[in-house]
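Text of the file upload_38.cif, holding mmCIF, C-alpha atoms:
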data_upload
loop_
_atom_site.label_atom_id
_atom_site.label_comp_id
_atom_site.auth_asym_id
_atom_site.auth_seq_id
_atom_site.Cartn_x
_atom_site.Cartn_y
_atom_site.Cartn_z
CA MET A 11 -63.83 -16.06 66.97
CA SER A 12 -61.65 -14.31 69.53
CA GLY A 13 -58.18 -13.66 68.17
CA THR A 14 -54.70 -12.92 69.42
CA SER A 15 -55.47 -9.20 69.53
CA LEU A 16 -57.84 -9.88 72.48
CA ASP A 17 -60.10 -7.05 71.35
CA GLY A 18 -63.35 -9.00 71.38
CA VAL A 19 -65.52 -11.76 69.97
CA ASP A 20 -66.87 -11.81 66.41
CA ALA A 21 -69.70 -14.14 65.43
CA VAL A 22 -71.15 -14.83 61.98
CA LEU A 23 -74.05 -16.91 60.75
CA ALA A 24 -72.96 -18.64 57.56
CA ASP A 25 -74.89 -20.59 54.94
CA PHE A 26 -72.82 -23.06 52.92
CA ASP A 27 -75.49 -24.30 50.52
CA GLY A 28 -74.16 -22.32 47.55
CA LEU A 29 -70.90 -22.45 45.63
CA ARG A 30 -69.54 -19.77 47.97
CA PRO A 31 -70.48 -19.21 51.61
CA THR A 32 -73.18 -16.63 52.27
CA ILE A 33 -72.91 -14.61 55.46
CA LEU A 34 -76.39 -14.03 56.85
CA GLY A 35 -75.45 -12.00 59.91
CA HIS A 36 -72.65 -10.71 62.11
CA CYS A 37 -72.35 -9.40 65.64
CA SER A 38 -69.47 -8.60 67.95
CA ALA A 39 -68.76 -7.76 71.57
CA PRO A 40 -65.68 -6.55 73.42
CA LEU A 41 -64.06 -8.83 75.95
CA PRO A 42 -64.89 -7.76 79.51
CA ALA A 43 -61.85 -6.01 80.97
CA SER A 44 -61.32 -8.60 83.71
CA LEU A 45 -61.47 -11.53 81.27
CA ARG A 46 -59.19 -9.77 78.80
CA CYS A 47 -56.61 -9.10 81.51
CA GLU A 48 -56.73 -12.70 82.69
CA LEU A 49 -56.37 -14.12 79.17
CA LEU A 50 -53.44 -11.82 78.52
CA ALA A 51 -51.80 -12.82 81.82
CA LEU A 52 -52.19 -16.51 80.95
CA ASN A 53 -49.94 -15.99 77.91
CA THR A 54 -46.98 -16.13 80.30
CA PRO A 55 -46.13 -18.46 83.22
CA SER A 56 -47.80 -17.44 86.48
CA ASP A 57 -49.31 -18.82 89.67
CA ASN A 58 -52.22 -21.27 89.78
CA GLU A 59 -52.48 -21.40 86.01
CA LEU A 60 -54.65 -24.53 85.72
CA HIS A 61 -57.38 -23.19 87.99
CA ARG A 62 -57.34 -19.72 86.45
CA ALA A 63 -57.29 -21.08 82.90
CA ALA A 64 -60.30 -23.31 83.57
CA LEU A 65 -62.36 -20.42 84.93
CA ALA A 66 -61.27 -18.14 82.07
CA ALA A 67 -62.38 -20.84 79.61
CA ASN A 68 -65.79 -20.96 81.29
CA GLY A 69 -66.11 -17.18 81.06
CA LEU A 70 -65.14 -17.22 77.41
CA ALA A 71 -67.66 -19.97 76.61
CA ARG A 72 -70.42 -17.93 78.25
CA LEU A 73 -69.43 -14.90 76.18
CA TYR A 74 -69.48 -17.03 73.03
CA ALA A 75 -72.94 -18.34 73.97
CA ASP A 76 -74.24 -14.81 74.48
CA GLN A 77 -73.02 -13.84 71.01
CA VAL A 78 -74.61 -16.91 69.42
CA ALA A 79 -77.93 -16.09 71.09
CA GLN A 80 -77.77 -12.43 70.03
CA LEU A 81 -76.87 -13.35 66.44
CA LEU A 82 -79.74 -15.82 66.15
CA ARG A 83 -82.20 -13.26 67.58
CA GLU A 84 -81.05 -10.60 65.12
CA CYS A 85 -81.30 -13.02 62.18
CA GLY A 86 -84.62 -14.53 63.27
CA ILE A 87 -83.13 -18.03 63.20
CA ALA A 88 -83.98 -20.81 65.67
CA ALA A 89 -81.09 -22.65 67.31
CA SER A 90 -82.64 -25.93 66.17
CA THR A 91 -81.97 -25.00 62.53
CA VAL A 92 -78.24 -24.38 63.06
CA ARG A 93 -76.04 -27.34 62.28
CA ALA A 94 -73.08 -26.35 64.46
CA VAL A 95 -71.12 -23.63 66.18
CA GLY A 96 -67.45 -23.46 65.22
CA ALA A 97 -65.56 -22.07 68.22
CA HIS A 98 -61.82 -21.48 67.93
CA GLY A 99 -61.14 -20.55 71.56
CA GLN A 100 -58.47 -18.16 72.80
CA THR A 101 -54.84 -18.96 72.06
CA VAL A 102 -52.67 -18.52 75.16
CA ARG A 103 -49.64 -20.61 74.13
CA HIS A 104 -48.43 -21.65 70.69
CA ARG A 105 -45.25 -23.76 70.68
CA PRO A 106 -45.50 -26.29 67.82
CA GLN A 107 -42.55 -28.60 67.10
CA GLU A 108 -40.73 -27.46 70.27
CA PHE A 109 -39.49 -29.27 73.38
CA ASP A 110 -40.27 -32.87 72.28
CA GLU A 111 -40.45 -32.29 68.48
CA THR A 112 -44.27 -32.29 68.61
CA GLY A 113 -44.81 -29.32 70.92
CA TYR A 114 -48.30 -28.01 71.50
CA THR A 115 -50.82 -25.27 70.85
CA LEU A 116 -53.31 -24.27 73.53
CA GLN A 117 -56.62 -22.52 72.93
CA LEU A 118 -58.68 -21.89 76.07
CA ASN A 119 -62.32 -22.86 75.60
CA ASN A 120 -65.03 -25.00 77.17
CA PRO A 121 -66.86 -26.42 74.16
CA ALA A 122 -68.87 -28.82 76.33
CA LEU A 123 -70.28 -25.87 78.29
CA LEU A 124 -70.88 -23.97 75.06
CA ALA A 125 -72.90 -26.89 73.64
CA GLU A 126 -74.94 -26.99 76.85
CA LEU A 127 -75.62 -23.25 76.81
CA CYS A 128 -76.48 -23.04 73.10
CA GLY A 129 -78.21 -26.37 72.58
CA ILE A 130 -76.21 -26.65 69.35
CA THR A 131 -73.43 -29.03 68.32
CA VAL A 132 -70.02 -27.40 68.81
CA VAL A 133 -66.83 -28.00 66.83
CA ALA A 134 -63.67 -26.82 68.59
CA ASP A 135 -59.93 -27.49 69.06
CA PHE A 136 -59.07 -27.06 65.39
CA ARG A 137 -55.29 -26.82 65.67
CA SER A 138 -54.23 -29.80 67.80
CA ARG A 139 -54.59 -32.51 65.16
CA ASP A 140 -52.36 -30.67 62.72
CA VAL A 141 -49.70 -30.23 65.44
CA ALA A 142 -49.99 -33.93 66.29
CA ALA A 143 -49.31 -34.65 62.60
CA GLY A 144 -46.07 -32.67 62.78
CA GLY A 145 -47.49 -29.37 61.57
CA GLN A 146 -47.49 -25.82 62.84
CA GLY A 147 -51.23 -25.85 63.55
CA ALA A 148 -51.36 -22.41 61.91
CA PRO A 149 -52.38 -20.65 59.87
CA LEU A 150 -55.57 -22.63 59.20
CA VAL A 151 -57.47 -19.99 57.22
CA PRO A 152 -55.74 -20.26 53.79
CA PRO A 153 -58.12 -22.98 52.49
CA PHE A 154 -61.08 -20.75 53.37
CA HIS A 155 -59.40 -17.80 51.67
CA GLN A 156 -59.09 -20.00 48.60
CA ALA A 157 -62.74 -21.10 48.77
CA PHE A 158 -64.12 -17.57 49.20
CA PHE A 159 -61.69 -15.26 47.41
CA GLY A 160 -60.05 -17.51 44.81
CA GLN A 161 -60.58 -16.46 41.19
CA PRO A 162 -59.77 -18.62 38.16
CA GLY A 163 -56.90 -17.17 36.17
CA HIS A 164 -56.22 -14.37 38.65
CA THR A 165 -53.42 -14.26 41.23
CA LEU A 166 -54.04 -12.38 44.45
CA ALA A 167 -53.06 -12.56 48.11
CA VAL A 168 -55.12 -12.35 51.30
CA LEU A 169 -53.57 -10.83 54.41
CA ASN A 170 -55.14 -11.20 57.85
CA ILE A 171 -53.89 -8.64 60.37
CA GLY A 172 -55.11 -9.60 63.82
CA GLY A 173 -52.79 -9.71 66.80
CA ILE A 174 -50.46 -11.69 64.54
CA SER A 175 -50.51 -11.35 60.75
CA ASN A 176 -50.72 -14.18 58.23
CA ILE A 177 -50.77 -14.25 54.45
CA THR A 178 -52.25 -16.56 51.82
CA LEU A 179 -51.20 -16.60 48.17
CA LEU A 180 -53.95 -17.60 45.74
CA ASP A 181 -52.15 -18.43 42.52
CA PRO A 182 -54.12 -20.67 40.12
CA GLY A 183 -50.85 -21.48 38.35
CA LYS A 184 -49.30 -23.16 41.39
CA PRO A 185 -50.40 -26.64 42.47
CA ASP A 186 -49.81 -26.09 46.19
CA LEU A 187 -51.51 -23.51 48.38
CA CYS A 188 -49.07 -21.14 50.10
CA GLY A 189 -49.68 -19.44 53.45
CA PHE A 190 -47.80 -18.62 56.65
CA ASP A 191 -47.56 -16.19 59.55
CA CYS A 192 -45.76 -12.93 58.73
CA GLY A 193 -45.05 -11.74 62.28
CA PRO A 194 -46.75 -9.22 64.55
CA GLY A 195 -49.96 -7.59 63.46
CA ASN A 196 -51.80 -5.39 65.95
CA ALA A 197 -50.64 -6.97 69.22
CA LEU A 198 -47.57 -4.82 69.85
CA MET A 199 -49.17 -1.62 68.55
CA ASP A 200 -52.25 -2.14 70.71
CA ALA A 201 -50.23 -2.90 73.84
CA TRP A 202 -47.98 0.14 73.38
CA CYS A 203 -50.95 2.42 72.65
CA GLU A 204 -52.85 1.25 75.72
CA THR A 205 -49.82 1.68 77.98
CA HIS A 206 -49.08 5.23 76.84
CA THR A 207 -52.49 6.67 75.93
CA GLY A 208 -55.00 4.55 77.85
CA ARG A 209 -56.76 3.68 74.59
CA PRO A 210 -57.00 0.00 73.62
CA TYR A 211 -55.85 0.66 70.05
CA ASP A 212 -54.56 3.43 67.81
CA ASP A 213 -57.71 4.53 65.97
CA ALA A 214 -56.95 4.62 62.22
CA GLY A 215 -53.25 4.71 63.14
CA CYS A 216 -53.41 8.46 63.82
CA TRP A 217 -50.97 8.33 66.73
CA ALA A 218 -48.45 6.31 64.70
CA ALA A 219 -48.83 8.75 61.81
CA SER A 220 -47.86 11.60 64.15
CA GLY A 221 -44.50 9.98 64.94
CA ARG A 222 -41.34 9.22 63.01
CA VAL A 223 -39.88 5.78 62.36
CA ASN A 224 -36.71 5.15 64.36
CA THR A 225 -34.44 3.25 61.99
CA ASP A 226 -32.23 1.86 64.76
CA LEU A 227 -35.19 0.38 66.59
CA LEU A 228 -36.73 -0.91 63.35
CA THR A 229 -33.46 -2.63 62.42
CA GLY A 230 -33.33 -4.26 65.84
CA LEU A 231 -36.92 -5.46 65.62
CA LEU A 232 -36.45 -6.89 62.12
CA ALA A 233 -33.39 -8.80 63.33
CA GLU A 234 -35.73 -11.22 65.13
CA PRO A 235 -34.86 -14.68 63.68
CA PHE A 236 -38.51 -15.48 62.95
CA PHE A 237 -38.53 -13.11 59.99
CA ALA A 238 -35.70 -15.01 58.28
CA LYS A 239 -37.20 -18.47 58.86
CA PRO A 240 -38.55 -20.23 55.79
CA ALA A 241 -42.18 -21.33 55.65
CA PRO A 242 -44.00 -23.28 56.96
CA LYS A 243 -43.91 -21.07 60.05
CA SER A 244 -46.24 -19.64 62.66
CA THR A 245 -45.84 -17.46 65.70
CA GLY A 246 -47.71 -15.69 68.50
CA ARG A 247 -47.33 -13.76 71.72
CA ASP A 248 -44.81 -16.39 72.82
CA VAL A 249 -42.30 -14.47 70.67
CA PHE A 250 -43.81 -11.06 69.93
CA ASN A 251 -44.74 -9.70 73.35
CA THR A 252 -44.05 -6.63 75.49
CA HIS A 253 -40.99 -8.25 77.10
CA TRP A 254 -39.50 -8.76 73.64
CA LEU A 255 -40.22 -5.13 72.78
CA THR A 256 -38.72 -3.89 76.06
CA GLU A 257 -35.48 -5.75 75.33
CA LYS A 258 -35.26 -4.14 71.89
CA LEU A 259 -36.02 -0.70 73.30
CA GLY A 260 -33.12 -1.13 75.71
CA MET A 261 -30.75 -0.81 72.76
CA VAL A 262 -32.17 2.56 71.62
CA GLN A 263 -31.85 5.93 73.32
CA ASP A 264 -33.96 9.10 73.24
CA ILE A 265 -37.07 7.80 71.53
CA THR A 266 -40.55 9.19 72.17
CA PRO A 267 -43.64 6.98 72.66
CA CYS A 268 -45.24 8.16 69.41
CA ASP A 269 -42.02 7.36 67.52
CA VAL A 270 -42.14 3.84 68.98
CA GLN A 271 -45.73 3.53 67.75
CA ALA A 272 -44.71 4.70 64.29
CA THR A 273 -41.88 2.15 64.28
CA LEU A 274 -44.18 -0.68 65.38
CA ALA A 275 -46.59 0.18 62.56
CA GLU A 276 -43.68 0.13 60.12
CA LEU A 277 -42.58 -3.25 61.52
CA THR A 278 -46.00 -4.74 60.81
CA ALA A 279 -46.20 -3.12 57.37
CA LEU A 280 -42.75 -4.29 56.32
CA GLY A 281 -43.20 -7.77 57.78
CA CYS A 282 -46.36 -8.23 55.72
CA ALA A 283 -45.04 -6.55 52.56
CA ARG A 284 -41.78 -8.50 52.55
CA SER A 285 -43.71 -11.75 53.02
CA LEU A 286 -45.71 -11.04 49.88
CA LEU A 287 -42.64 -9.97 47.89
CA GLU A 288 -40.90 -13.17 48.96
CA ILE A 289 -43.57 -15.46 47.54
CA ALA A 290 -45.13 -13.38 44.76
CA PRO A 291 -43.21 -10.23 43.81
CA HIS A 292 -45.51 -9.57 40.85
CA CYS A 293 -48.82 -10.01 42.72
CA SER A 294 -51.12 -7.14 41.75
CA GLU A 295 -53.76 -7.31 44.52
CA LEU A 296 -53.53 -7.73 48.29
CA LEU A 297 -56.83 -8.17 50.14
CA VAL A 298 -56.55 -7.20 53.82
CA CYS A 299 -58.83 -8.39 56.63
CA GLY A 300 -58.79 -8.31 60.42
CA GLY A 301 -58.61 -5.21 62.56
CA GLY A 302 -55.49 -4.04 60.73
CA ALA A 303 -57.61 -3.32 57.67
CA LEU A 304 -59.21 -0.46 59.64
CA ASN A 305 -55.83 1.12 60.41
CA THR A 306 -55.53 3.73 57.66
CA HIS A 307 -51.91 4.55 58.44
CA LEU A 308 -50.91 0.88 58.38
CA MET A 309 -52.70 0.34 55.05
CA ASN A 310 -50.91 3.36 53.63
CA ARG A 311 -47.53 2.11 54.81
CA MET A 312 -48.13 -1.29 53.21
CA GLN A 313 -49.18 0.38 49.98
CA ALA A 314 -45.95 2.41 50.05
CA ALA A 315 -43.94 -0.78 50.49
CA LEU A 316 -45.85 -2.48 47.64
CA PRO A 317 -46.04 0.15 44.86
CA LEU A 318 -46.93 -2.40 42.17
CA CYS A 319 -49.71 -4.02 44.20
CA ARG A 320 -53.18 -2.66 45.02
CA VAL A 321 -53.74 -2.94 48.79
CA VAL A 322 -57.48 -3.03 49.60
CA SER A 323 -59.94 -4.26 52.21
CA THR A 324 -61.66 -7.62 51.70
CA ALA A 325 -64.90 -5.62 51.81
CA GLU A 326 -64.29 -4.84 48.13
CA PHE A 327 -64.49 -8.59 47.48
CA GLY A 328 -67.71 -9.24 49.35
CA LEU A 329 -66.67 -9.92 52.95
CA PRO A 330 -66.04 -7.15 55.51
CA PRO A 331 -62.65 -7.46 57.24
CA LEU A 332 -64.04 -8.19 60.72
CA GLN A 333 -66.11 -11.12 59.42
CA VAL A 334 -63.44 -13.08 57.58
CA GLU A 335 -61.82 -15.06 60.38
CA ALA A 336 -65.09 -16.02 62.09
CA SER A 337 -66.38 -17.13 58.69
CA ALA A 338 -63.26 -19.22 58.22
CA PHE A 339 -63.86 -21.16 61.43
CA ALA A 340 -67.52 -21.67 60.53
CA TRP A 341 -66.22 -23.18 57.28
CA LEU A 342 -63.72 -25.35 59.17
CA ALA A 343 -66.54 -26.59 61.40
CA GLN A 344 -68.55 -27.57 58.33
CA GLN A 345 -65.55 -29.42 56.90
CA ALA A 346 -65.14 -31.36 60.15
CA LEU A 347 -68.80 -32.38 60.27
CA ASP A 348 -68.61 -33.54 56.65
CA GLY A 349 -65.44 -35.51 57.34
CA ILE A 350 -63.35 -33.45 54.91
CA PRO A 351 -59.65 -32.86 55.67
CA ALA A 352 -59.06 -29.11 56.01
CA SER A 353 -55.39 -28.79 56.87
CA VAL A 354 -52.94 -28.24 54.04
CA LYS A 355 -49.49 -29.84 54.13
CA SER A 356 -47.89 -27.08 52.08
CA VAL A 357 -49.13 -24.47 54.58
CA THR A 358 -48.59 -26.05 58.01
CA GLY A 359 -45.89 -28.60 57.20
CA ALA A 360 -47.89 -31.51 58.62
CA ARG A 361 -47.35 -35.02 57.29
CA GLY A 362 -50.60 -34.77 55.39
CA ALA A 363 -54.10 -33.34 55.33
CA ARG A 364 -56.16 -34.01 58.46
CA ILE A 365 -59.76 -33.53 59.59
CA LEU A 366 -59.57 -30.66 62.07
CA GLY A 367 -61.76 -30.17 65.12
CA ALA A 368 -63.34 -32.12 67.96
CA ILE A 369 -67.13 -32.45 67.87
CA TYR A 370 -69.37 -31.95 70.91
CA PRO A 371 -72.93 -33.01 69.98
CA ALA A 372 -75.83 -30.89 71.23
#

Structure encoded using structure tokens:
Amino acid sequence: MSGTSLDGVDAVLADFDGLRPTILGHCSAPLPASLRCELLALNTPSDNELHRAALAANGLARLYADQVAQLLRECGIAASTVRAVGAHGQTVRHRPQEFDETGYTLQLNNPALLAELCGITVVADFRSRDVAAGGQGAPLVPPFHQAFFGQPGHTLAVLNIGGISNITLLDPGKPDLCGFDCGPGNALMDAWCETHTGRPYDDAGCWAASGRVNTDLLTGLLAEPFFAKPAPKSTGRDVFNTHWLTEKLGMVQDITPCDVQATLAELTALGCARSLLEIAPHCSELLVCGGGALNTHLMNRMQAALPLCRVVSTAEFGLPPLQVEASAFAWLAQQALDGIPASVKSVTGARGARILGAIYPA
């Protein structure tokens, strides 16, 4: 899995023989600087996109293959015993239901090359079928959240904070699963931090904690129409990008970089907290995964916004925060190979459940 945050690749080895998935191993690697810059550039229109995107997809597939090989070495597992690799790819455009009512979602990847390099069947392109069925194509992880974290008779929510944040409500008393994108996660904070400090992210949110929230800027950021849209909804860098932030900053005067960082952290915290309060105001536990779970300041700000809810890492429930999303796409790959529909109409808004993923045999 390489997510919208563009911070690296996470790989897990998952065993699905039991009632709940068992994670046998995990490894990660940062994206090489040149590949990261190219993937980020391909989020916006530019010259020679088709050629550059194809080469970036090849580079990403090779990085995926390296992580698969490393993971298997560390776990002492032969490639021949692995049923499949689930490879999400790197989202560079996400415009469902736009332009021609169907729209599109685009994840760069070369699953054919990945299958060649690994000698293992690859399942990829998980989102397109849901979009073709009239859905958002995102988020796709709520069914996995339900399978791994769901507890009979207990309501809780799972919040993934990657580049974009998304939430899943697990309420045994409701017949339909609920999940949607909340808005920005780490993407804006990481970009602002790198621009002004040279660091790729704000470690533990210390820089944001040193600043003060600018209420005028926060009000302007929260005025983005996405926040008021009803679910099903999804978003990405197509909306929440540095150009968007620059436009909002143009309406505010005399603000320091650390105050902007503090305000961006508050934006993410409030976007996530308000999403939970909208769907389950009495929820008592929020499990957080993704890189945002390691941002102490952000976790504290969400806890402040949700005084009646315990905000904790998914690690307390058996799965470390940096392993959740990769585990989810391993689970989606298994569902595809078994011919089980994995999209959820109540989450994505598609016309019905669909089998997700294209299969590239070894």

Of the listed residues A:Pro235, A:Gly189, A:Gly349, A:Pro194, that which approaches Leu286 of chain A most closely, counting all atoms listed in the file: A:Gly189

Among listed residues A:Pro242, A:Thr14, A:Arg209, A:Leu332, nearest Ala39 of chain A (using only C-alpha atoms):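 The closest residue to Ala39 of chain A is A:Leu332.
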
Two-atom distance - atom CA of Gly281 of chain A, atom CA of Ala314 of chain A (Å):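 Pair atom CA of Gly281 of chain A / atom CA of Ala314 of chain A returns 13.1 Å.
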
Residue contacts of Ser356 of chain A (10 Å, only C-alpha atoms) excluding same-chain residues fewer than 3 positions away, as a PyMOL selection string: chain A and resi 145+185-190+241-242+353+359-363

From A:Asp212, A:Glu295, A:Glu204, A:Asp25, residue lying nearest Cys319 of chain A [all atoms listed in the file]: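 Going through A:Asp212, A:Glu295, A:Glu204, A:Asp25 one by one, the smallest distance to Cys319 of chain A is for A:Glu295.
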
Picked residues, the PyMOL selection byres ((chain A and resi 213-217) around 8), expected as number ranges by chain: A: 211-212, 218-221, 268, 271-272, 304-308

Go ahead and dump the residues you just picked, C-alpha atoms, as a PDB file, keeping the file's coordinate frame.
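Saved as result17.pdb:
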ATOM      1  CA  TYR A 211     -55.850   0.660  70.050  1.00  0.00           C
ATOM      2  CA  ASP A 212     -54.560   3.430  67.810  1.00  0.00           C
ATOM      3  CA  ALA A 218     -48.450   6.310  64.700  1.00  0.00           C
ATOM      4  CA  ALA A 219     -48.830   8.750  61.810  1.00  0.00           C
ATOM      5  CA  SER A 220     -47.860  11.600  64.150  1.00  0.00           C
ATOM      6  CA  GLY A 221     -44.500   9.980  64.940  1.00  0.00           C
ATOM      7  CA  CYS A 268     -45.240   8.160  69.410  1.00  0.00           C
ATOM      8  CA  GLN A 271     -45.730   3.530  67.750  1.00  0.00           C
ATOM      9  CA  ALA A 272     -44.710   4.700  64.290  1.00  0.00           C
ATOM     10  CA  LEU A 304     -59.210  -0.460  59.640  1.00  0.00           C
ATOM     11  CA  ASN A 305     -55.830   1.120  60.410  1.00  0.00           C
ATOM     12  CA  THR A 306     -55.530   3.730  57.660  1.00  0.00           C
ATOM     13  CA  HIS A 307     -51.910   4.550  58.440  1.00  0.00           C
ATOM     14  CA  LEU A 308     -50.910   0.880  58.380  1.00  0.00           C
TER      15      LEU A 308
END

The PyMOL selection byres ((chain A and resi 147) around 9) resolved against shown file, as number ranges by chain: A: 104, 106, 114-115, 136-142, 144-146, 148-150, 244, 353, 358-360

Output of the PyMOL selection byres ((chain A and resi 351) around 8), listed as number ranges by chain: A: 345-346, 349-350, 352-353, 363-366

Neighbour residues at most 12 Å from (-50.8, -20.0, 44.4) (only C-alpha atoms) as a count of residues only: 32

Distance of atom CA of Gly195 of chain A from atom CA of Trp341 of chain A, expressed in Å to one decimal place: 23.4 Å

Among listed residues A:Arg72, A:Arg30, A:Arg247, A:His253, nearest Thr101 of chain A (using only C-alpha atoms):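 Nearest candidate to Thr101 of chain A out of A:Arg72, A:Arg30, A:Arg247, A:His253: A:Arg247.
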
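Counting only C-alpha atoms and comparing A:Thr131, A:Ser285, A:Asn196, A:Gln100, the residue that lies closest to Ala372 of chain A is A:Thr131.
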
Selected residue of minimal separation from Pro267 of chain A among A:Ala71, A:Met199, A:Ile33, A:Leu318, counting only C-alpha atoms: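 Of A:Ala71, A:Met199, A:Ile33, A:Leu318, the one nearest Pro267 of chain A is A:Met199, counting only C-alpha atoms.
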
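Here atom CA of Ile174 of chain A and atom CA of Leu316 of chain A stand 19.8 Å from one another.
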
Test item: residues at most 9 Å from Leu73 of chain A, all atoms listed in the file, excluding those fewer than 5 positions along its chain, as a VMD selection string: chain A and resid 19 39 41 68 78

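Once Gly99 of chain A and its same-chain neighbours fewer than 6 positions away are set aside, Gln117, Leu118 and Asn119 of chain A remain within 6 Å of it when counting all atoms listed in the file.
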
8 Å contact set for segment 254-260 of chain A, all atoms listed in the file, chain neighbours under 3 positions out, as a ChimeraX atom specification: /A:198,227,230-231,249-251,263

Contact residues around Tyr370 of chain A with all atoms listed in the file at 7 Å, ignoring same-chain residues under 4 positions, as a PyMOL selection string: chain A and resi 121-122+125+131-133
